[in-house]
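Colleague: Input entry.pdb, format and content: PDB, C-alpha atoms.
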```pdb
MODEL        1
ATOM      1  CA  MET A   1       0.000   0.000   0.000
ATOM      2  CA  ARG A   2       1.178   3.517  -0.740
ATOM      3  CA  GLY A   3       0.159   6.104   1.789
ATOM      4  CA  LEU A   4      -1.897   6.345   4.938
ATOM      5  CA  ALA A   5      -5.070   7.248   3.033
ATOM      6  CA  ALA A   6      -5.125   3.903   1.232
ATOM      7  CA  LEU A   7      -4.511   2.106   4.519
ATOM      8  CA  LEU A   8      -7.383   3.882   6.234
ATOM      9  CA  ILE A   9      -9.720   3.097   3.339
ATOM     10  CA  CYS A  10      -8.807  -0.566   3.501
ATOM     11  CA  LEU A  11      -9.228  -1.131   7.225
ATOM     12  CA  GLY A  12     -12.034  -3.643   7.621
ATOM     13  CA  LEU A  13     -12.773  -3.741   3.885
ATOM     14  CA  THR A  14     -12.155  -6.285   1.139
ATOM     15  CA  SER A  15     -11.335  -6.146  -2.576
ATOM     16  CA  PRO A  16     -11.667  -4.079  -4.720
ATOM     17  CA  LEU A  17     -11.157  -1.172  -2.338
ATOM     18  CA  CYS A  18      -8.192  -2.944  -0.752
ATOM     19  CA  ALA A  19      -6.393  -3.563  -4.039
ATOM     20  CA  ASP A  20      -2.886  -2.173  -4.135
ATOM     21  CA  PRO A  21      -2.702   0.875  -6.400
ATOM     22  CA  ILE A  22      -0.696   0.551  -9.595
ATOM     23  CA  ARG A  23       1.691   3.456 -10.070
ATOM     24  CA  VAL A  24       1.960   4.439 -13.741
ATOM     25  CA  ALA A  25       4.416   7.109 -14.831
ATOM     26  CA  SER A  26       5.482   8.894 -18.000
ATOM     27  CA  PHE A  27       8.759  10.758 -18.463
ATOM     28  CA  ASN A  28      10.423  12.440 -21.432
ATOM     29  CA  THR A  29      14.006  11.869 -20.364
ATOM     30  CA  GLU A  30      15.606  13.808 -23.253
ATOM     31  CA  LEU A  31      18.471  11.303 -23.037
ATOM     32  CA  SER A  32      18.828  11.067 -26.824
ATOM     33  CA  ARG A  33      22.329  11.580 -28.199
ATOM     34  CA  ARG A  34      23.553  12.886 -31.559
ATOM     35  CA  GLY A  35      24.804   9.560 -32.910
ATOM     36  CA  PRO A  36      24.024   5.831 -32.763
ATOM     37  CA  GLY A  37      25.515   4.000 -29.808
ATOM     38  CA  LEU A  38      26.412   7.137 -27.866
ATOM     39  CA  LEU A  39      23.640   6.769 -25.311
ATOM     40  CA  LEU A  40      24.573   3.113 -24.769
ATOM     41  CA  ARG A  41      28.180   4.200 -24.245
ATOM     42  CA  ASP A  42      27.152   6.829 -21.704
ATOM     43  CA  LEU A  43      24.859   4.434 -19.839
ATOM     44  CA  THR A  44      27.664   1.925 -19.379
ATOM     45  CA  ARG A  45      30.072   4.535 -18.061
ATOM     46  CA  LYS A  46      29.980   6.216 -14.691
ATOM     47  CA  GLY A  47      29.770   9.921 -14.084
ATOM     48  CA  ASP A  48      27.308  11.168 -16.724
ATOM     49  CA  ALA A  49      25.468  13.897 -14.814
ATOM     50  CA  GLN A  50      22.320  13.838 -16.947
ATOM     51  CA  ILE A  51      21.910  10.068 -16.724
ATOM     52  CA  ASP A  52      22.471  10.165 -12.964
ATOM     53  CA  ALA A  53      19.808  12.874 -12.669
ATOM     54  CA  VAL A  54      17.297  10.941 -14.815
ATOM     55  CA  ILE A  55      17.825   7.803 -12.704
ATOM     56  CA  ALA A  56      17.260   9.854  -9.551
ATOM     57  CA  VAL A  57      13.994  11.294 -10.895
ATOM     58  CA  ILE A  58      12.650   7.842 -11.790
ATOM     59  CA  ALA A  59      13.809   6.329  -8.489
ATOM     60  CA  GLY A  60      12.077   9.122  -6.600
ATOM     61  CA  ALA A  61       8.740   8.195  -8.187
ATOM     62  CA  HIS A  62       9.280   4.415  -8.042
ATOM     63  CA  PRO A  63       6.644   3.553 -10.684
ATOM     64  CA  ASP A  64       5.346   0.069 -11.398
ATOM     65  CA  ILE A  65       4.872   0.856 -15.095
ATOM     66  CA  LEU A  66       6.954   3.491 -16.848
ATOM     67  CA  ALA A  67       6.475   5.015 -20.310
ATOM     68  CA  LEU A  68       9.682   6.668 -21.460
ATOM     69  CA  GLN A  69      10.336   9.113 -24.251
ATOM     70  CA  GLY A  70      13.617  10.481 -25.557
ATOM     71  CA  ILE A  71      15.619   7.250 -25.394
ATOM     72  CA  ASP A  72      17.523   6.037 -28.451
ATOM     73  CA  TRP A  73      16.504   2.686 -29.943
ATOM     74  CA  ASP A  74      18.840  -0.020 -31.201
ATOM     75  CA  LEU A  75      18.041  -3.293 -32.921
ATOM     76  CA  GLU A  76      19.262  -5.573 -30.112
ATOM     77  CA  GLY A  77      17.724  -3.517 -27.299
ATOM     78  CA  ARG A  78      21.073  -2.997 -25.643
ATOM     79  CA  THR A  79      20.391   0.641 -24.760
ATOM     80  CA  LEU A  80      17.172  -0.138 -22.920
ATOM     81  CA  THR A  81      18.837  -3.094 -21.191
ATOM     82  CA  ALA A  82      21.634  -0.809 -20.010
ATOM     83  CA  LEU A  83      19.131   1.714 -18.688
ATOM     84  CA  ALA A  84      17.207  -1.040 -16.885
ATOM     85  CA  SER A  85      20.475  -2.194 -15.314
ATOM     86  CA  ARG A  86      21.178   1.311 -14.033
ATOM     87  CA  LEU A  87      17.656   1.497 -12.620
ATOM     88  CA  GLU A  88      18.094  -1.875 -10.916
ATOM     89  CA  GLN A  89      21.223  -0.544  -9.238
ATOM     90  CA  ALA A  90      18.981   2.235  -7.885
ATOM     91  CA  GLY A  91      16.502  -0.295  -6.479
ATOM     92  CA  LEU A  92      14.043  -0.503  -9.379
ATOM     93  CA  ALA A  93      13.612  -3.858 -11.116
ATOM     94  CA  TYR A  94      11.791  -3.892 -14.465
ATOM     95  CA  PRO A  95      11.933  -7.449 -15.827
ATOM     96  CA  HIS A  96       9.431  -6.676 -18.595
ATOM     97  CA  ARG A  97      10.461  -4.187 -21.275
ATOM     98  CA  LEU A  98       9.355  -3.108 -24.748
ATOM     99  CA  ALA A  99      11.195  -1.067 -27.368
ATOM    100  CA  LEU A 100      10.041  -1.413 -30.977
ATOM    101  CA  ARG A 101      11.655   0.419 -33.869
ATOM    102  CA  PRO A 102      10.309   3.973 -34.104
ATOM    103  CA  ASN A 103       9.898   6.100 -37.204
ATOM    104  CA  SER A 104      12.437   8.661 -35.999
ATOM    105  CA  GLY A 105      15.498   8.603 -38.224
ATOM    106  CA  LEU A 106      14.032   5.902 -40.494
ATOM    107  CA  ASP A 107      15.250   6.681 -44.019
ATOM    108  CA  SER A 108      12.539   7.375 -46.590
ATOM    109  CA  ALA A 109      14.729   7.975 -49.707
ATOM    110  CA  LEU A 110      12.409  10.911 -50.452
ATOM    111  CA  ASP A 111      12.210  14.626 -49.786
ATOM    112  CA  LEU A 112       9.584  14.533 -47.046
ATOM    113  CA  ASP A 113      10.099  17.998 -45.571
ATOM    114  CA  GLY A 114       9.934  19.906 -48.864
ATOM    115  CA  ASP A 115      13.346  21.568 -48.696
ATOM    116  CA  GLY A 116      14.339  20.305 -52.158
ATOM    117  CA  ARG A 117      16.941  17.865 -50.832
ATOM    118  CA  GLN A 118      16.986  14.244 -49.721
ATOM    119  CA  GLY A 119      18.796  12.475 -46.934
ATOM    120  CA  GLY A 120      18.462  15.078 -44.176
ATOM    121  CA  PRO A 121      16.998  14.464 -40.705
ATOM    122  CA  GLY A 122      13.690  15.949 -41.873
ATOM    123  CA  ASP A 123      13.445  13.426 -44.696
ATOM    124  CA  ALA A 124      13.274  10.472 -42.329
ATOM    125  CA  GLN A 125       9.822   9.104 -41.491
ATOM    126  CA  GLY A 126      10.229  11.003 -38.223
ATOM    127  CA  TRP A 127      12.908  13.633 -37.658
ATOM    128  CA  GLY A 128      16.192  12.027 -36.746
ATOM    129  CA  ARG A 129      19.876  11.880 -37.598
ATOM    130  CA  PHE A 130      19.911   8.072 -37.294
ATOM    131  CA  THR A 131      17.397   5.265 -37.050
ATOM    132  CA  GLY A 132      15.868   5.193 -33.590
ATOM    133  CA  GLN A 133      17.000   8.592 -32.343
ATOM    134  CA  GLY A 134      14.697   9.773 -29.572
ATOM    135  CA  GLY A 135      12.520   6.685 -29.442
ATOM    136  CA  ILE A 136      10.096   5.520 -26.765
ATOM    137  CA  ALA A 137      10.051   2.509 -24.438
ATOM    138  CA  VAL A 138       7.940   0.807 -21.775
ATOM    139  CA  LEU A 139       9.321  -0.745 -18.581
ATOM    140  CA  SER A 140       7.088  -2.754 -16.272
ATOM    141  CA  ARG A 141       7.134  -4.811 -13.087
ATOM    142  CA  PHE A 142       4.254  -6.796 -14.566
ATOM    143  CA  PRO A 143       4.180  -8.975 -17.701
ATOM    144  CA  ILE A 144       3.809  -7.205 -21.041
ATOM    145  CA  LEU A 145       1.620  -9.266 -23.366
ATOM    146  CA  THR A 146       3.977  -8.809 -26.289
ATOM    147  CA  GLN A 147       2.002 -10.981 -28.718
ATOM    148  CA  GLU A 148      -0.989  -8.666 -28.335
ATOM    149  CA  VAL A 149       0.799  -5.322 -28.768
ATOM    150  CA  ARG A 150      -0.721  -3.120 -31.482
ATOM    151  CA  ASP A 151       1.943  -1.086 -33.276
ATOM    152  CA  PHE A 152       0.469   1.791 -35.268
ATOM    153  CA  THR A 153       3.907   3.126 -36.194
ATOM    154  CA  PRO A 154       3.750   1.921 -39.845
ATOM    155  CA  LEU A 155       0.341   3.561 -40.440
ATOM    156  CA  LEU A 156       0.448   5.934 -43.407
ATOM    157  CA  TRP A 157      -0.696   9.438 -42.554
ATOM    158  CA  ARG A 158      -3.085   9.551 -45.501
ATOM    159  CA  ASP A 159      -4.751   6.332 -44.274
ATOM    160  CA  LEU A 160      -5.855   7.929 -40.998
ATOM    161  CA  PRO A 161      -9.588   8.670 -41.285
ATOM    162  CA  GLY A 162     -10.051  12.410 -41.800
ATOM    163  CA  ALA A 163      -6.314  13.049 -42.175
ATOM    164  CA  GLU A 164      -5.434  16.769 -42.338
ATOM    165  CA  LEU A 165      -2.668  16.492 -44.939
ATOM    166  CA  PRO A 166      -0.661  19.597 -45.873
ATOM    167  CA  THR A 167      -1.015  21.216 -49.292
ATOM    168  CA  HIS A 168       0.667  23.813 -51.479
ATOM    169  CA  PRO A 169      -1.271  27.076 -52.069
ATOM    170  CA  ASP A 170      -2.742  25.569 -55.259
ATOM    171  CA  GLY A 171      -4.066  22.584 -53.322
ATOM    172  CA  ALA A 172      -1.462  20.090 -54.542
ATOM    173  CA  PRO A 173      -0.077  17.642 -51.946
ATOM    174  CA  PHE A 174       2.836  19.023 -49.913
ATOM    175  CA  PRO A 175       5.638  18.406 -50.610
ATOM    176  CA  SER A 176       4.644  15.942 -53.339
ATOM    177  CA  GLU A 177       2.240  13.149 -54.155
ATOM    178  CA  ALA A 178       5.085  10.627 -53.862
ATOM    179  CA  ALA A 179       6.001  11.914 -50.411
ATOM    180  CA  GLN A 180       2.431  11.694 -49.136
ATOM    181  CA  ALA A 181       2.116   8.171 -50.551
ATOM    182  CA  ALA A 182       5.028   7.102 -48.324
ATOM    183  CA  GLN A 183       4.700   9.395 -45.279
ATOM    184  CA  ARG A 184       3.840   7.606 -42.045
ATOM    185  CA  LEU A 185       1.728   9.354 -39.428
ATOM    186  CA  SER A 186       3.804   8.667 -36.312
ATOM    187  CA  SER A 187       6.798  10.947 -35.964
ATOM    188  CA  THR A 188       8.105   8.575 -33.285
ATOM    189  CA  ALA A 189       5.681   5.731 -32.519
ATOM    190  CA  HIS A 190       2.175   4.808 -31.332
ATOM    191  CA  TRP A 191       1.791   1.546 -29.402
ATOM    192  CA  ALA A 192      -1.105  -0.090 -27.588
ATOM    193  CA  VAL A 193       0.631  -2.232 -24.945
ATOM    194  CA  PRO A 194      -1.435  -4.718 -22.897
ATOM    195  CA  ILE A 195       0.012  -5.409 -19.449
ATOM    196  CA  ALA A 196      -1.215  -8.191 -17.128
ATOM    197  CA  LEU A 197      -1.834  -6.771 -13.652
ATOM    198  CA  PRO A 198      -1.949  -8.770 -10.412
ATOM    199  CA  ASP A 199      -5.264 -10.430  -9.534
ATOM    200  CA  GLY A 200      -6.570 -10.691 -13.063
ATOM    201  CA  PRO A 201      -7.249  -7.330 -14.760
ATOM    202  CA  ARG A 202      -5.170  -5.913 -17.573
ATOM    203  CA  LEU A 203      -4.087  -2.406 -18.418
ATOM    204  CA  THR A 204      -3.587  -1.274 -21.995
ATOM    205  CA  LEU A 205      -0.996   1.478 -22.163
ATOM    206  CA  LEU A 206      -1.461   3.759 -25.169
ATOM    207  CA  THR A 207       1.936   5.381 -25.511
ATOM    208  CA  PHE A 208       3.365   7.797 -28.058
ATOM    209  CA  GLN A 209       5.503  10.864 -28.702
ATOM    210  CA  ALA A 210       4.141  13.389 -31.215
ATOM    211  CA  THR A 211       6.088  15.847 -33.343
ATOM    212  CA  PRO A 212       6.424  19.449 -32.148
ATOM    213  CA  PRO A 213       3.922  21.598 -34.095
ATOM    214  CA  VAL A 214       6.693  23.998 -35.192
ATOM    215  CA  PHE A 215       9.736  24.073 -37.511
ATOM    216  CA  ASP A 216       7.706  24.146 -40.725
ATOM    217  CA  GLY A 217       6.211  26.686 -43.134
ATOM    218  CA  PRO A 218       2.792  28.086 -44.066
ATOM    219  CA  GLU A 219       1.643  24.590 -45.076
ATOM    220  CA  ASP A 220       1.715  23.756 -41.314
ATOM    221  CA  ARG A 221       2.978  20.239 -41.971
ATOM    222  CA  ASN A 222       4.133  19.652 -38.400
ATOM    223  CA  GLY A 223       1.118  21.338 -36.849
ATOM    224  CA  ARG A 224      -1.252  19.173 -38.882
ATOM    225  CA  ARG A 225       0.735  16.025 -38.184
ATOM    226  CA  ASN A 226       0.869  16.743 -34.461
ATOM    227  CA  ALA A 227      -2.915  17.154 -34.328
ATOM    228  CA  ASP A 228      -3.520  13.911 -36.226
ATOM    229  CA  GLU A 229      -1.035  12.024 -34.030
ATOM    230  CA  ILE A 230      -3.103  13.062 -31.012
ATOM    231  CA  ARG A 231      -6.400  12.327 -32.755
ATOM    232  CA  LEU A 232      -5.297   8.753 -33.522
ATOM    233  CA  TRP A 233      -6.129   7.654 -29.965
ATOM    234  CA  GLN A 234      -9.755   8.763 -30.157
ATOM    235  CA  LEU A 235     -10.127   7.024 -33.518
ATOM    236  CA  TYR A 236      -8.687   3.859 -31.973
ATOM    237  CA  LEU A 237     -11.144   4.048 -29.084
ATOM    238  CA  ASP A 238     -13.923   4.568 -31.685
ATOM    239  CA  ASN A 239     -13.016   1.237 -33.372
ATOM    240  CA  ALA A 240     -11.944   3.138 -36.498
ATOM    241  CA  LEU A 241      -8.487   1.510 -36.540
ATOM    242  CA  GLY A 242      -9.491  -2.027 -35.729
ATOM    243  CA  PRO A 243     -10.953  -3.339 -32.472
ATOM    244  CA  ALA A 244     -10.598  -0.919 -29.578
ATOM    245  CA  PRO A 245      -8.859  -2.180 -26.438
ATOM    246  CA  GLU A 246     -11.100  -3.759 -23.857
ATOM    247  CA  GLY A 247     -11.014  -2.798 -20.201
ATOM    248  CA  HIS A 248      -8.764  -0.323 -18.478
ATOM    249  CA  ILE A 249      -6.504   1.993 -20.487
ATOM    250  CA  VAL A 250      -4.024   4.771 -19.812
ATOM    251  CA  ILE A 251      -2.778   7.191 -22.458
ATOM    252  CA  ALA A 252       0.830   7.969 -21.589
ATOM    253  CA  GLY A 253       3.325  10.070 -23.469
ATOM    254  CA  GLY A 254       4.154  13.318 -25.156
ATOM    255  CA  ALA A 255       1.561  15.203 -27.165
ATOM    256  CA  ASN A 256       3.882  18.206 -27.573
ATOM    257  CA  LEU A 257       0.770  20.383 -27.418
ATOM    258  CA  ASP A 258      -0.615  22.619 -24.676
ATOM    259  CA  PRO A 259      -4.409  23.134 -24.611
ATOM    260  CA  GLU A 260      -4.035  26.916 -24.522
ATOM    261  CA  ARG A 261      -0.477  28.201 -24.888
ATOM    262  CA  GLY A 262       2.291  27.948 -27.451
ATOM    263  CA  ALA A 263       2.093  26.845 -31.078
ATOM    264  CA  GLY A 264      -0.132  24.152 -32.540
ATOM    265  CA  ARG A 265      -3.722  23.210 -33.212
ATOM    266  CA  HIS A 266      -4.938  23.317 -29.645
ATOM    267  CA  GLN A 267      -8.355  21.834 -30.367
ATOM    268  CA  ALA A 268      -6.785  18.412 -30.906
ATOM    269  CA  ILE A 269      -5.624  18.088 -27.311
ATOM    270  CA  ARG A 270      -8.715  19.840 -25.960
ATOM    271  CA  ASP A 271     -10.875  17.215 -27.670
ATOM    272  CA  LEU A 272      -8.810  14.388 -26.165
ATOM    273  CA  LEU A 273      -8.965  15.902 -22.678
ATOM    274  CA  ALA A 274     -12.731  16.373 -22.971
ATOM    275  CA  ASP A 275     -13.389  12.785 -24.087
ATOM    276  CA  PRO A 276     -15.807  11.293 -21.511
ATOM    277  CA  ARG A 277     -14.046   7.937 -21.747
ATOM    278  CA  LEU A 278     -10.973   9.519 -20.126
ATOM    279  CA  GLN A 279     -10.074  11.378 -16.933
ATOM    280  CA  ASP A 280      -7.786  14.407 -16.725
ATOM    281  CA  PRO A 281      -6.027  14.270 -13.338
ATOM    282  CA  LEU A 282      -3.776  17.319 -13.847
ATOM    283  CA  PRO A 283      -5.825  20.048 -15.547
ATOM    284  CA  GLY A 284      -3.821  23.152 -16.365
ATOM    285  CA  GLN A 285      -0.573  21.841 -14.879
ATOM    286  CA  PRO A 286       2.588  22.629 -16.898
ATOM    287  CA  THR A 287       4.829  19.611 -17.369
ATOM    288  CA  ALA A 288       7.828  21.194 -19.098
ATOM    289  CA  ALA A 289       9.654  24.512 -19.297
ATOM    290  CA  PHE A 290      11.115  25.759 -22.574
ATOM    291  CA  ASP A 291      13.108  28.801 -23.576
ATOM    292  CA  GLY A 292      10.756  31.128 -25.422
ATOM    293  CA  PRO A 293       7.261  29.748 -24.775
ATOM    294  CA  GLY A 294       7.995  29.091 -21.093
ATOM    295  CA  PRO A 295       6.020  26.535 -19.041
ATOM    296  CA  LEU A 296       3.716  24.344 -21.128
ATOM    297  CA  ARG A 297       1.606  21.267 -20.595
ATOM    298  CA  VAL A 298       2.911  18.864 -23.242
ATOM    299  CA  ASP A 299       3.147  15.514 -21.394
ATOM    300  CA  TYR A 300       0.065  13.534 -20.441
ATOM    301  CA  LEU A 301      -1.209  10.621 -18.335
ATOM    302  CA  LEU A 302      -4.904  10.129 -19.054
ATOM    303  CA  PRO A 303      -6.563   7.091 -17.452
ATOM    304  CA  SER A 304      -9.893   5.751 -18.635
ATOM    305  CA  SER A 305     -12.946   6.553 -16.563
ATOM    306  CA  ASP A 306     -13.045   3.033 -15.080
ATOM    307  CA  TRP A 307     -10.031   3.736 -12.843
ATOM    308  CA  ARG A 308     -10.132   5.137  -9.343
ATOM    309  CA  ILE A 309      -7.305   7.667  -8.990
ATOM    310  CA  GLU A 310      -5.735   7.438  -5.528
ATOM    311  CA  GLY A 311      -2.756   9.694  -6.107
ATOM    312  CA  VAL A 312      -1.219  12.000  -8.693
ATOM    313  CA  GLY A 313       1.990  13.955  -8.847
ATOM    314  CA  LEU A 314       4.835  15.531 -10.760
ATOM    315  CA  SER A 315       8.520  15.200 -10.055
ATOM    316  CA  ALA A 316      10.297  18.328  -8.922
ATOM    317  CA  PRO A 317      11.897  20.299 -11.771
ATOM    318  CA  ALA A 318      15.304  18.801 -12.540
ATOM    319  CA  PRO A 319      16.774  20.765 -15.469
ATOM    320  CA  GLU A 320      20.017  18.803 -15.186
ATOM    321  CA  ALA A 321      17.933  15.746 -16.187
ATOM    322  CA  SER A 322      15.328  17.052 -18.627
ATOM    323  CA  ARG A 323      13.180  20.070 -19.383
ATOM    324  CA  HIS A 324      10.239  17.729 -18.750
ATOM    325  CA  ARG A 325       8.900  16.497 -15.427
ATOM    326  CA  LEU A 326       7.917  12.921 -14.670
ATOM    327  CA  ILE A 327       4.149  12.474 -14.147
ATOM    328  CA  TRP A 328       2.765   9.654 -12.005
ATOM    329  CA  LEU A 329      -0.652   8.292 -11.077
ATOM    330  CA  ASP A 330      -1.714   5.734  -8.475
ATOM    331  CA  LEU A 331      -4.611   3.783  -9.983
ATOM    332  CA  VAL A 332      -7.046   1.096  -8.816
ATOM    333  CA  PRO A 333      -9.626  -0.469 -11.144
ATOM    334  CA  ASP A 334     -13.160   0.468 -10.152
ATOM    335  CA  GLN A 335     -14.113  -3.157 -10.726
ATOM    336  CA  LEU A 336     -11.739  -6.115 -10.385
TER     337      LEU A 336
ENDMDL
END
```
If you convert what's in this file into structure tokens, what do you get?
Modeller:
Amino acid sequence: MRGLAALLICLGLTSPLCADPIRVASFNTELSRRGPGLLLRDLTRKGDAQIDAVIAVIAGAHPDILALQGIDWDLEGRTLTALASRLEQAGLAYPHRLALRPNSGLDSALDLDGDGRQGGPGDAQGWGRFTGQGGIAVLSRFPILTQEVRDFTPLLWRDLPGAELPTHPDGAPFPSEAAQAAQRLSSTAHWAVPIALPDGPRLTLLTFQATPPVFDGPEDRNGRRNADEIRLWQLYLDNALGPAPEGHIVIAGGANLDPERGAGRHQAIRDLLADPRLQDPLPGQPTAAFDGPGPLRVDYLLPSSDWRIEGVGLSAPAPEASRHRLIWLDLVPDQL
């Protein structure tokens, strides 16, 4: 049990009120490096101040299930294994881990960003200098049902129902018809990850990291893509992308969009936050601080309405670790 309040609730009572809360957390670590293998190198060395600070932030929250952003991917999973080893040294054991190949840095052999050149970071399926830069990962104390994971990362943007694709002033596809025929929606990844919880229920973690809605031109390519990356989750829950997940869900990750402030198509995140199937445990709370726009709410943990929320919090600002703060929730299913 975490906390006196849960203990007092449970005195003299039986399940489900006495079920141990599950602590779910999401954290954009910003650990990504500028070249392949560099993060793995730094994780296996001692004395990297940023890595030490990130480990301390995660250890302070001590989550059961952790969605990470900003961690470089490699084919053999060595980087995530090294991070898990560092966390175990800090007292956190995560025997169940998931890191699928993201779109970031994945070569397209096309000019996807419309700058007239090919082969740059903006021409990858998601911005990146190398395959897997700034990917996402899931670490869990509980079994991940890997055979049932839904990976929406290969989904073409134009195949998303109602896709808001960018155009030139004359209405032609931006930057080209060939580019839009190959362009995937996810700038990093979108995964639906079923996790088997103790005592029977399952949690489906819907995790992602959307593109920043900036660094483009009047066609608003990144702004449109960001909005559609957020909208994907509501379409999934509507059964528009195959069968929706059954039971308890948590959306966890980076939308890169504040409901009110900064750049972007704010209605996309407002619509997600207002969805009656979800709960918003941290309304109006900034989760990151950036030069220029200042504090913004860009990171989200949104449980479905069939959870009872017993605790919620943010890590203290730790700029030596990341501009982002770790978010955590203590959750109990309303019905076990």
Colleague: Using all atoms listed in the file, determine which residues lie at most 12 Å from Val57 in chain A, disregarding the query and same-chain residues fewer than 5 positions distant; provide the list as a PyMOL selection string.
Modeller: chain A and resi 25-29+50-52+62-63+87+90+92+314-322+324-328
Colleague: Kindly provide the residues of range 67-104 of chain A that approach range 180-184 of chain A to within 12 Å, each paired with its closest atom pair and their distance in Å to one decimal, based on all atoms listed in the file, listed by chain and increasing number, as CSV.
Modeller:
```
residue,atom,partner,partner_atom,distance
A:Pro102,CA,A:Arg184,CA,10.9
A:Asn103,CA,A:Arg184,CA,7.9
A:Ser104,CA,A:Arg184,CA,10.6
```
Colleague: Please enumerate the residues selected by the PyMOL selection byres ((chain A and resi 99) around 12) when evaluated against the supplied file, formatted as an mmCIF file with C-alpha atoms, keeping the file's coordinate frame.
Modeller:
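Result file is result-v9.cif:
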```cif
data_model
loop_
_atom_site.group_PDB
_atom_site.id
_atom_site.type_symbol
_atom_site.label_atom_id
_atom_site.label_comp_id
_atom_site.auth_asym_id
_atom_site.auth_seq_id
_atom_site.Cartn_x
_atom_site.Cartn_y
_atom_site.Cartn_z
ATOM 1 C CA ALA A 67 6.475 5.015 -20.310
ATOM 2 C CA LEU A 68 9.682 6.668 -21.460
ATOM 3 C CA GLN A 69 10.336 9.113 -24.251
ATOM 4 C CA GLY A 70 13.617 10.481 -25.557
ATOM 5 C CA ILE A 71 15.619 7.250 -25.394
ATOM 6 C CA ASP A 72 17.523 6.037 -28.451
ATOM 7 C CA TRP A 73 16.504 2.686 -29.943
ATOM 8 C CA ASP A 74 18.840 -0.020 -31.201
ATOM 9 C CA LEU A 75 18.041 -3.293 -32.921
ATOM 10 C CA GLU A 76 19.262 -5.573 -30.112
ATOM 11 C CA GLY A 77 17.724 -3.517 -27.299
ATOM 12 C CA ARG A 78 21.073 -2.997 -25.643
ATOM 13 C CA THR A 79 20.391 0.641 -24.760
ATOM 14 C CA LEU A 80 17.172 -0.138 -22.920
ATOM 15 C CA THR A 81 18.837 -3.094 -21.191
ATOM 16 C CA HIS A 96 9.431 -6.676 -18.595
ATOM 17 C CA ARG A 97 10.461 -4.187 -21.275
ATOM 18 C CA LEU A 98 9.355 -3.108 -24.748
ATOM 19 C CA LEU A 100 10.041 -1.413 -30.977
ATOM 20 C CA ARG A 101 11.655 0.419 -33.869
ATOM 21 C CA PRO A 102 10.309 3.973 -34.104
ATOM 22 C CA GLY A 132 15.868 5.193 -33.590
ATOM 23 C CA GLY A 134 14.697 9.773 -29.572
ATOM 24 C CA GLY A 135 12.520 6.685 -29.442
ATOM 25 C CA ILE A 136 10.096 5.520 -26.765
ATOM 26 C CA ALA A 137 10.051 2.509 -24.438
ATOM 27 C CA VAL A 138 7.940 0.807 -21.775
ATOM 28 C CA LEU A 139 9.321 -0.745 -18.581
ATOM 29 C CA SER A 140 7.088 -2.754 -16.272
ATOM 30 C CA ILE A 144 3.809 -7.205 -21.041
ATOM 31 C CA THR A 146 3.977 -8.809 -26.289
ATOM 32 C CA VAL A 149 0.799 -5.322 -28.768
ATOM 33 C CA ASP A 151 1.943 -1.086 -33.276
ATOM 34 C CA THR A 188 8.105 8.575 -33.285
ATOM 35 C CA ALA A 189 5.681 5.731 -32.519
ATOM 36 C CA HIS A 190 2.175 4.808 -31.332
ATOM 37 C CA TRP A 191 1.791 1.546 -29.402
ATOM 38 C CA VAL A 193 0.631 -2.232 -24.945
ATOM 39 C CA THR A 207 1.936 5.381 -25.511
ATOM 40 C CA PHE A 208 3.365 7.797 -28.058
#
```
Colleague: Counting all atoms listed in the file, figure out which residue out of A:Arg158, A:Arg270, A:Arg225, A:His248 gets nearest to Pro194 in chain A.
Modeller: A:His248
Colleague: I'd like the residues picked by the PyMOL selection byres ((chain A and resi 177) around 12) written out as a list in words, using the chain letters and numbers from the file.
Modeller: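 When the PyMOL selection byres ((chain A and resi 177) around 12) is applied to the shown file, the picked residues are Leu110, Asp111, Leu112, Gly114, Arg158, Leu165, Pro166, Thr167, His168, Gly171, Ala172, Pro173, Phe174, Pro175, Ser176, Ala178, Ala179, Gln180, Ala181, Ala182 and Gln183 of chain A.
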Colleague: Can you work out which one of A:Pro303, A:Pro212, A:Gly200, A:Gly116 has the shortest atom-to-atom distance to Leu278 in chain A, counting only C-alpha atoms?
Modeller: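 Checking each of A:Pro303, A:Pro212, A:Gly200, A:Gly116 against Leu278 in chain A, counting only C-alpha atoms, the winner is A:Pro303.
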Colleague: Here is a test: counting all atoms listed in the file, which residue of A:Leu83, A:Val54, A:Leu237, A:Ile22 is nearest to Leu39 in chain A?
Modeller: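 When distances to Leu39 in chain A are compared using all atoms listed in the file, the smallest one comes from A:Leu83.
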Colleague: Near Thr211 in chain A, counting all atoms listed in the file, which residues have an atom at most 8 Å away, once you skip same-chain residues fewer than 2 positions from it, shown as a PDB file with C-alpha atoms, in the coordinates of the input?
Modeller:
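Wrote it out as out20.pdb, contents follow:
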```pdb
ATOM      1  CA  SER A 187       6.798  10.947 -35.964  1.00  0.00           C
ATOM      2  CA  THR A 188       8.105   8.575 -33.285  1.00  0.00           C
ATOM      3  CA  GLN A 209       5.503  10.864 -28.702  1.00  0.00           C
ATOM      4  CA  PRO A 213       3.922  21.598 -34.095  1.00  0.00           C
ATOM      5  CA  ASN A 222       4.133  19.652 -38.400  1.00  0.00           C
ATOM      6  CA  ARG A 225       0.735  16.025 -38.184  1.00  0.00           C
ATOM      7  CA  ASN A 226       0.869  16.743 -34.461  1.00  0.00           C
ATOM      8  CA  ALA A 255       1.561  15.203 -27.165  1.00  0.00           C
ATOM      9  CA  ASN A 256       3.882  18.206 -27.573  1.00  0.00           C
TER      10      ASN A 256
END
```
Colleague: Between CA of Leu160 in chain A and CA of Gly120 in chain A, measure the distance and give it in Å to one decimal.
Modeller: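 Computing the Euclidean distance for CA of Leu160 in chain A and CA of Gly120 in chain A yields 25.5 Å.
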Colleague: Residues near range 292-300 of chain A, anyone? I mean within 6 Å using all atoms listed in the file, not counting same-chain ones fewer than 2 positions away, as a ChimeraX atom specification.
Modeller: /A:252-258,262,286-290
